[in-house]
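Text of the file my_file14.pdb, holding PDB, N, CA and C atoms:
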```pdb
ATOM      1  N   MET A   1     -18.020 -14.776 -41.798
ATOM      2  CA  MET A   1     -17.201 -14.823 -40.600
ATOM      3  C   MET A   1     -17.910 -14.052 -39.483
ATOM      4  N   PRO A   2     -18.125 -14.668 -38.319
ATOM      5  CA  PRO A   2     -18.818 -13.974 -37.234
ATOM      6  C   PRO A   2     -17.929 -12.905 -36.593
ATOM      7  N   LYS A   3     -18.581 -11.991 -35.902
ATOM      8  CA  LYS A   3     -17.853 -10.922 -35.224
ATOM      9  C   LYS A   3     -17.037 -11.489 -34.062
ATOM     10  N   LEU A   4     -15.911 -10.850 -33.777
ATOM     11  CA  LEU A   4     -15.121 -11.203 -32.607
ATOM     12  C   LEU A   4     -15.706 -10.483 -31.400
ATOM     13  N   LYS A   5     -16.087 -11.223 -30.397
ATOM     14  CA  LYS A   5     -16.725 -10.647 -29.222
ATOM     15  C   LYS A   5     -15.728 -10.554 -28.074
ATOM     16  N   THR A   6     -15.815  -9.461 -27.339
ATOM     17  CA  THR A   6     -14.988  -9.265 -26.157
ATOM     18  C   THR A   6     -15.668  -9.905 -24.957
ATOM     19  N   HIS A   7     -14.913 -10.650 -24.172
ATOM     20  CA  HIS A   7     -15.432 -11.247 -22.942
ATOM     21  C   HIS A   7     -15.470 -10.149 -21.879
ATOM     22  N   GLN A   8     -16.683  -9.703 -21.521
ATOM     23  CA  GLN A   8     -16.833  -8.506 -20.706
ATOM     24  C   GLN A   8     -16.327  -8.688 -19.271
ATOM     25  N   ALA A   9     -16.450  -9.864 -18.691
ATOM     26  CA  ALA A   9     -15.938 -10.082 -17.336
ATOM     27  C   ALA A   9     -14.420  -9.946 -17.309
ATOM     28  N   THR A  10     -13.763 -10.409 -18.359
ATOM     29  CA  THR A  10     -12.313 -10.267 -18.453
ATOM     30  C   THR A  10     -11.928  -8.821 -18.685
ATOM     31  N   ALA A  11     -12.682  -8.117 -19.507
ATOM     32  CA  ALA A  11     -12.378  -6.720 -19.809
ATOM     33  C   ALA A  11     -12.490  -5.841 -18.571
ATOM     34  N   LYS A  12     -13.371  -6.202 -17.632
ATOM     35  CA  LYS A  12     -13.525  -5.412 -16.418
ATOM     36  C   LYS A  12     -12.409  -5.680 -15.420
ATOM     37  N   ARG A  13     -11.823  -6.866 -15.438
ATOM     38  CA  ARG A  13     -10.842  -7.244 -14.425
ATOM     39  C   ARG A  13      -9.397  -7.025 -14.854
ATOM     40  N   TYR A  14      -9.131  -7.032 -16.140
ATOM     41  CA  TYR A  14      -7.768  -6.937 -16.637
ATOM     42  C   TYR A  14      -7.644  -5.763 -17.593
ATOM     43  N   LYS A  15      -6.470  -5.123 -17.591
ATOM     44  CA  LYS A  15      -6.166  -4.053 -18.534
ATOM     45  C   LYS A  15      -4.825  -4.368 -19.185
ATOM     46  N   LEU A  16      -4.656  -3.903 -20.393
ATOM     47  CA  LEU A  16      -3.391  -4.078 -21.086
ATOM     48  C   LEU A  16      -2.587  -2.796 -20.988
ATOM     49  N   THR A  17      -1.294  -2.925 -20.718
ATOM     50  CA  THR A  17      -0.425  -1.769 -20.662
ATOM     51  C   THR A  17       0.015  -1.399 -22.075
ATOM     52  N   LYS A  18       0.831  -0.363 -22.162
ATOM     53  CA  LYS A  18       1.313   0.097 -23.465
ATOM     54  C   LYS A  18       2.108  -0.985 -24.181
ATOM     55  N   ASN A  19       2.873  -1.750 -23.423
ATOM     56  CA  ASN A  19       3.709  -2.803 -24.005
ATOM     57  C   ASN A  19       3.003  -4.149 -24.047
ATOM     58  N   LYS A  20       1.663  -4.139 -23.972
ATOM     59  CA  LYS A  20       0.823  -5.338 -24.091
ATOM     60  C   LYS A  20       1.027  -6.328 -22.949
ATOM     61  N   LYS A  21       1.431  -5.828 -21.778
ATOM     62  CA  LYS A  21       1.468  -6.678 -20.600
ATOM     63  C   LYS A  21       0.103  -6.620 -19.924
ATOM     64  N   ILE A  22      -0.243  -7.654 -19.173
ATOM     65  CA  ILE A  22      -1.560  -7.763 -18.558
ATOM     66  C   ILE A  22      -1.466  -7.281 -17.112
ATOM     67  N   LYS A  23      -2.313  -6.301 -16.753
ATOM     68  CA  LYS A  23      -2.317  -5.720 -15.422
ATOM     69  C   LYS A  23      -3.651  -6.018 -14.758
ATOM     70  N   LYS A  24      -3.609  -6.366 -13.452
ATOM     71  CA  LYS A  24      -4.839  -6.628 -12.717
ATOM     72  C   LYS A  24      -4.697  -6.099 -11.301
ATOM     73  N   VAL A  25      -5.842  -5.956 -10.633
ATOM     74  CA  VAL A  25      -5.852  -5.495  -9.252
ATOM     75  C   VAL A  25      -5.438  -6.654  -8.355
ATOM     76  N   THR A  26      -4.647  -6.353  -7.339
ATOM     77  CA  THR A  26      -4.207  -7.379  -6.407
ATOM     78  C   THR A  26      -5.400  -7.956  -5.650
ATOM     79  N   CYS A  27      -5.425  -9.264  -5.495
ATOM     80  CA  CYS A  27      -6.556  -9.921  -4.834
ATOM     81  C   CYS A  27      -6.423  -9.822  -3.315
ATOM     82  N   GLY A  28      -7.531 -10.026  -2.630
ATOM     83  CA  GLY A  28      -7.531 -10.102  -1.177
ATOM     84  C   GLY A  28      -7.507  -8.777  -0.472
ATOM     85  N   GLN A  29      -8.097  -7.736  -1.043
ATOM     86  CA  GLN A  29      -8.064  -6.435  -0.383
ATOM     87  C   GLN A  29      -9.456  -5.869  -0.114
ATOM     88  N   ASN A  30     -10.475  -6.714  -0.110
ATOM     89  CA  ASN A  30     -11.831  -6.218   0.091
ATOM     90  C   ASN A  30     -12.156  -5.959   1.563
ATOM     91  N   HIS A  31     -11.883  -6.907   2.427
ATOM     92  CA  HIS A  31     -12.203  -6.721   3.841
ATOM     93  C   HIS A  31     -11.251  -7.561   4.675
ATOM     94  N   PHE A  32     -11.334  -7.410   6.004
ATOM     95  CA  PHE A  32     -10.418  -8.051   6.965
ATOM     96  C   PHE A  32      -8.977  -7.607   6.738
ATOM     97  N   ASN A  33      -8.774  -6.338   6.457
ATOM     98  CA  ASN A  33      -7.429  -5.846   6.205
ATOM     99  C   ASN A  33      -6.806  -5.180   7.423
ATOM    100  N   SER A  34      -7.576  -4.928   8.472
ATOM    101  CA  SER A  34      -7.031  -4.211   9.621
ATOM    102  C   SER A  34      -6.046  -5.073  10.408
ATOM    103  N   ARG A  35      -6.141  -6.372  10.298
ATOM    104  CA  ARG A  35      -5.237  -7.244  11.051
ATOM    105  C   ARG A  35      -3.872  -7.375  10.388
ATOM    106  N   GLU A  36      -3.736  -6.923   9.164
ATOM    107  CA  GLU A  36      -2.462  -7.054   8.459
ATOM    108  C   GLU A  36      -1.558  -5.872   8.783
ATOM    109  N   ASN A  37      -0.267  -6.082   8.626
ATOM    110  CA  ASN A  37       0.655  -4.990   8.883
ATOM    111  C   ASN A  37       0.674  -4.018   7.699
ATOM    112  N   GLY A  38       1.361  -2.910   7.865
ATOM    113  CA  GLY A  38       1.341  -1.857   6.856
ATOM    114  C   GLY A  38       1.990  -2.249   5.552
ATOM    115  N   LYS A  39       3.018  -3.075   5.623
ATOM    116  CA  LYS A  39       3.715  -3.474   4.399
ATOM    117  C   LYS A  39       2.793  -4.269   3.479
ATOM    118  N   VAL A  40       2.025  -5.185   4.048
ATOM    119  CA  VAL A  40       1.100  -5.994   3.251
ATOM    120  C   VAL A  40       0.007  -5.113   2.662
ATOM    121  N   GLY A  41      -0.497  -4.176   3.459
ATOM    122  CA  GLY A  41      -1.545  -3.290   2.976
ATOM    123  C   GLY A  41      -1.082  -2.412   1.833
ATOM    124  N   ARG A  42       0.142  -1.912   1.919
ATOM    125  CA  ARG A  42       0.684  -1.086   0.835
ATOM    126  C   ARG A  42       0.898  -1.908  -0.422
ATOM    127  N   ASN A  43       1.348  -3.141  -0.266
ATOM    128  CA  ASN A  43       1.566  -3.986  -1.437
ATOM    129  C   ASN A  43       0.258  -4.340  -2.126
ATOM    130  N   LYS A  44      -0.817  -4.457  -1.372
ATOM    131  CA  LYS A  44      -2.107  -4.785  -1.977
ATOM    132  C   LYS A  44      -2.696  -3.620  -2.761
ATOM    133  N   LYS A  45      -2.288  -2.393  -2.458
ATOM    134  CA  LYS A  45      -2.827  -1.234  -3.164
ATOM    135  C   LYS A  45      -2.288  -1.122  -4.579
ATOM    136  N   SER A  46      -1.133  -1.706  -4.840
ATOM    137  CA  SER A  46      -0.551  -1.602  -6.175
ATOM    138  C   SER A  46      -1.095  -2.712  -7.074
ATOM    139  N   ASP A  47      -1.162  -2.414  -8.354
ATOM    140  CA  ASP A  47      -1.599  -3.409  -9.328
ATOM    141  C   ASP A  47      -0.465  -4.385  -9.611
ATOM    142  N   THR A  48      -0.809  -5.573 -10.074
ATOM    143  CA  THR A  48       0.195  -6.578 -10.374
ATOM    144  C   THR A  48       0.195  -6.888 -11.861
ATOM    145  N   ILE A  49       1.350  -7.241 -12.375
ATOM    146  CA  ILE A  49       1.510  -7.664 -13.760
ATOM    147  C   ILE A  49       1.415  -9.184 -13.791
ATOM    148  N   CYS A  50       0.539  -9.709 -14.616
ATOM    149  CA  CYS A  50       0.327 -11.153 -14.693
ATOM    150  C   CYS A  50       1.453 -11.818 -15.476
ATOM    151  N   SER A  51       1.558 -13.113 -15.327
ATOM    152  CA  SER A  51       2.589 -13.862 -16.025
ATOM    153  C   SER A  51       2.260 -13.963 -17.508
ATOM    154  N   SER A  52       3.252 -14.299 -18.289
ATOM    155  CA  SER A  52       3.065 -14.379 -19.737
ATOM    156  C   SER A  52       2.272 -15.617 -20.151
ATOM    157  N   ALA A  53       1.954 -16.504 -19.207
ATOM    158  CA  ALA A  53       1.156 -17.679 -19.538
ATOM    159  C   ALA A  53      -0.274 -17.305 -19.913
ATOM    160  N   LEU A  54      -0.724 -16.129 -19.496
ATOM    161  CA  LEU A  54      -2.084 -15.686 -19.803
ATOM    162  C   LEU A  54      -2.193 -14.974 -21.150
ATOM    163  N   ASP A  55      -1.098 -14.803 -21.868
ATOM    164  CA  ASP A  55      -1.121 -14.025 -23.107
ATOM    165  C   ASP A  55      -2.077 -14.607 -24.136
ATOM    166  N   ARG A  56      -2.033 -15.895 -24.342
ATOM    167  CA  ARG A  56      -2.886 -16.520 -25.352
ATOM    168  C   ARG A  56      -4.358 -16.443 -24.947
ATOM    169  N   VAL A  57      -4.636 -16.620 -23.658
ATOM    170  CA  VAL A  57      -6.009 -16.534 -23.172
ATOM    171  C   VAL A  57      -6.548 -15.122 -23.366
ATOM    172  N   MET A  58      -5.714 -14.120 -23.107
ATOM    173  CA  MET A  58      -6.147 -12.735 -23.255
ATOM    174  C   MET A  58      -6.374 -12.359 -24.718
ATOM    175  N   GLN A  59      -5.623 -12.934 -25.620
ATOM    176  CA  GLN A  59      -5.837 -12.654 -27.039
ATOM    177  C   GLN A  59      -7.204 -13.158 -27.489
ATOM    178  N   ILE A  60      -7.656 -14.256 -26.916
ATOM    179  CA  ILE A  60      -8.975 -14.786 -27.264
ATOM    180  C   ILE A  60     -10.073 -13.979 -26.572
ATOM    181  N   ALA A  61      -9.868 -13.654 -25.289
ATOM    182  CA  ALA A  61     -10.907 -12.974 -24.519
ATOM    183  C   ALA A  61     -11.031 -11.500 -24.890
ATOM    184  N   LEU A  62      -9.913 -10.855 -25.223
ATOM    185  CA  LEU A  62      -9.909  -9.431 -25.567
ATOM    186  C   LEU A  62      -9.348  -9.250 -26.973
ATOM    187  N   PRO A  63     -10.109  -9.541 -28.004
ATOM    188  CA  PRO A  63      -9.552  -9.522 -29.359
ATOM    189  C   PRO A  63      -9.234  -8.125 -29.879
ATOM    190  N   HIS A  64      -9.883  -7.089 -29.345
ATOM    191  CA  HIS A  64      -9.681  -5.740 -29.867
ATOM    192  C   HIS A  64      -8.712  -4.927 -29.030
ATOM    193  N   ALA A  65      -8.088  -5.521 -28.029
ATOM    194  CA  ALA A  65      -7.183  -4.781 -27.151
ATOM    195  C   ALA A  65      -5.777  -4.751 -27.720
TER     196      ALA A  65
END
```

What do you get writing this file as structure tokens?
Amino acid sequence: MPKLKTHQATAKRYKLTKNKKIKKVTCGQNHFNSRENGKVGRNKKSDTICSSALDRVMQIALPHA
């Protein structure tokens, strides 16, 4: 039986919480943020919890998590 390999690009972008939910950084916050209002900027600073549709994909990509 071959070793289970972790998909490193996925491991860098997603983290699992204590309750096995998938957490990721909010997209669209690299540049061109000065034109947005403060509410949008504050919302982009917080991490987001992904939908449960990604659970099966994450089990394959992150087998040891």

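The space separating atom CA of A:Asp55 from atom N of A:Ala11 comes to 13.5 Å.
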
Practice problem: Between atom N of A:Lys24 and atom CA of A:Cys50, measure the distance and give it in Å to one decimal. | Solution: 6.3 Å

Quiz item: Residues of stretch 5-63 of chain A in alpha helix (DSSP H) according to DSSP, as number ranges by chain?
Solution: A: 8-13, 38-45, 55-61

Quiz item: What lies within 12 Å of A:Ser52 using only C-alpha atoms, ignoring chain neighbours under 6 positions off, as a ChimeraX atom specification?
Solution: /A:20-23,58-59

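Applied to this file, the PyMOL selection byres (((chain A and resi 29-33 and name CA) around 12) and name CA) selects the residues A:Val25, A:Thr26, A:Cys27, A:Gly28, A:Ser34, A:Arg35, A:Glu36, A:Asn37, A:Gly38, A:Lys39, A:Val40, A:Gly41, A:Arg42, A:Asn43, A:Lys44, A:Lys45, A:Ser46, A:Asp47.
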
Practice problem: Just give me the gap between atom CA of A:His64 and atom CA of A:Met1 in Å, one decimal is fine. | Solution: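 Pair atom CA of A:His64 / atom CA of A:Met1 returns 15.9 Å.
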
Quiz item: With all atoms listed in the file as the atoms that count, which of A:Thr48, A:Asn19, A:Lys5, A:Arg13 lies nearest to A:Ala61?
Solution: A:Lys5

To test the calculation: enclose all listed atoms of stretch 6-17 of chain A in a box whose edges run along x, y and z, add 4 Å on each side, then state centre and edge lengths in Å to one decimal, as JSON.
```
{"center_x": -8.4, "center_y": -6.3, "center_z": -20.9, "size_x": 24.8, "size_y": 17.8, "size_z": 20.9}
```

Exercise. Just the strand (DSSP E or B) stuff from stretch 4-41 of chain A, please, per backbone DSSP, written as a list of chain:residue names.
Key: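 Selection result, strand (DSSP E or B) within stretch 4-41 of chain A: A:Tyr14, A:Lys15, A:Leu16, A:Ile22, A:Lys23, A:Lys24.
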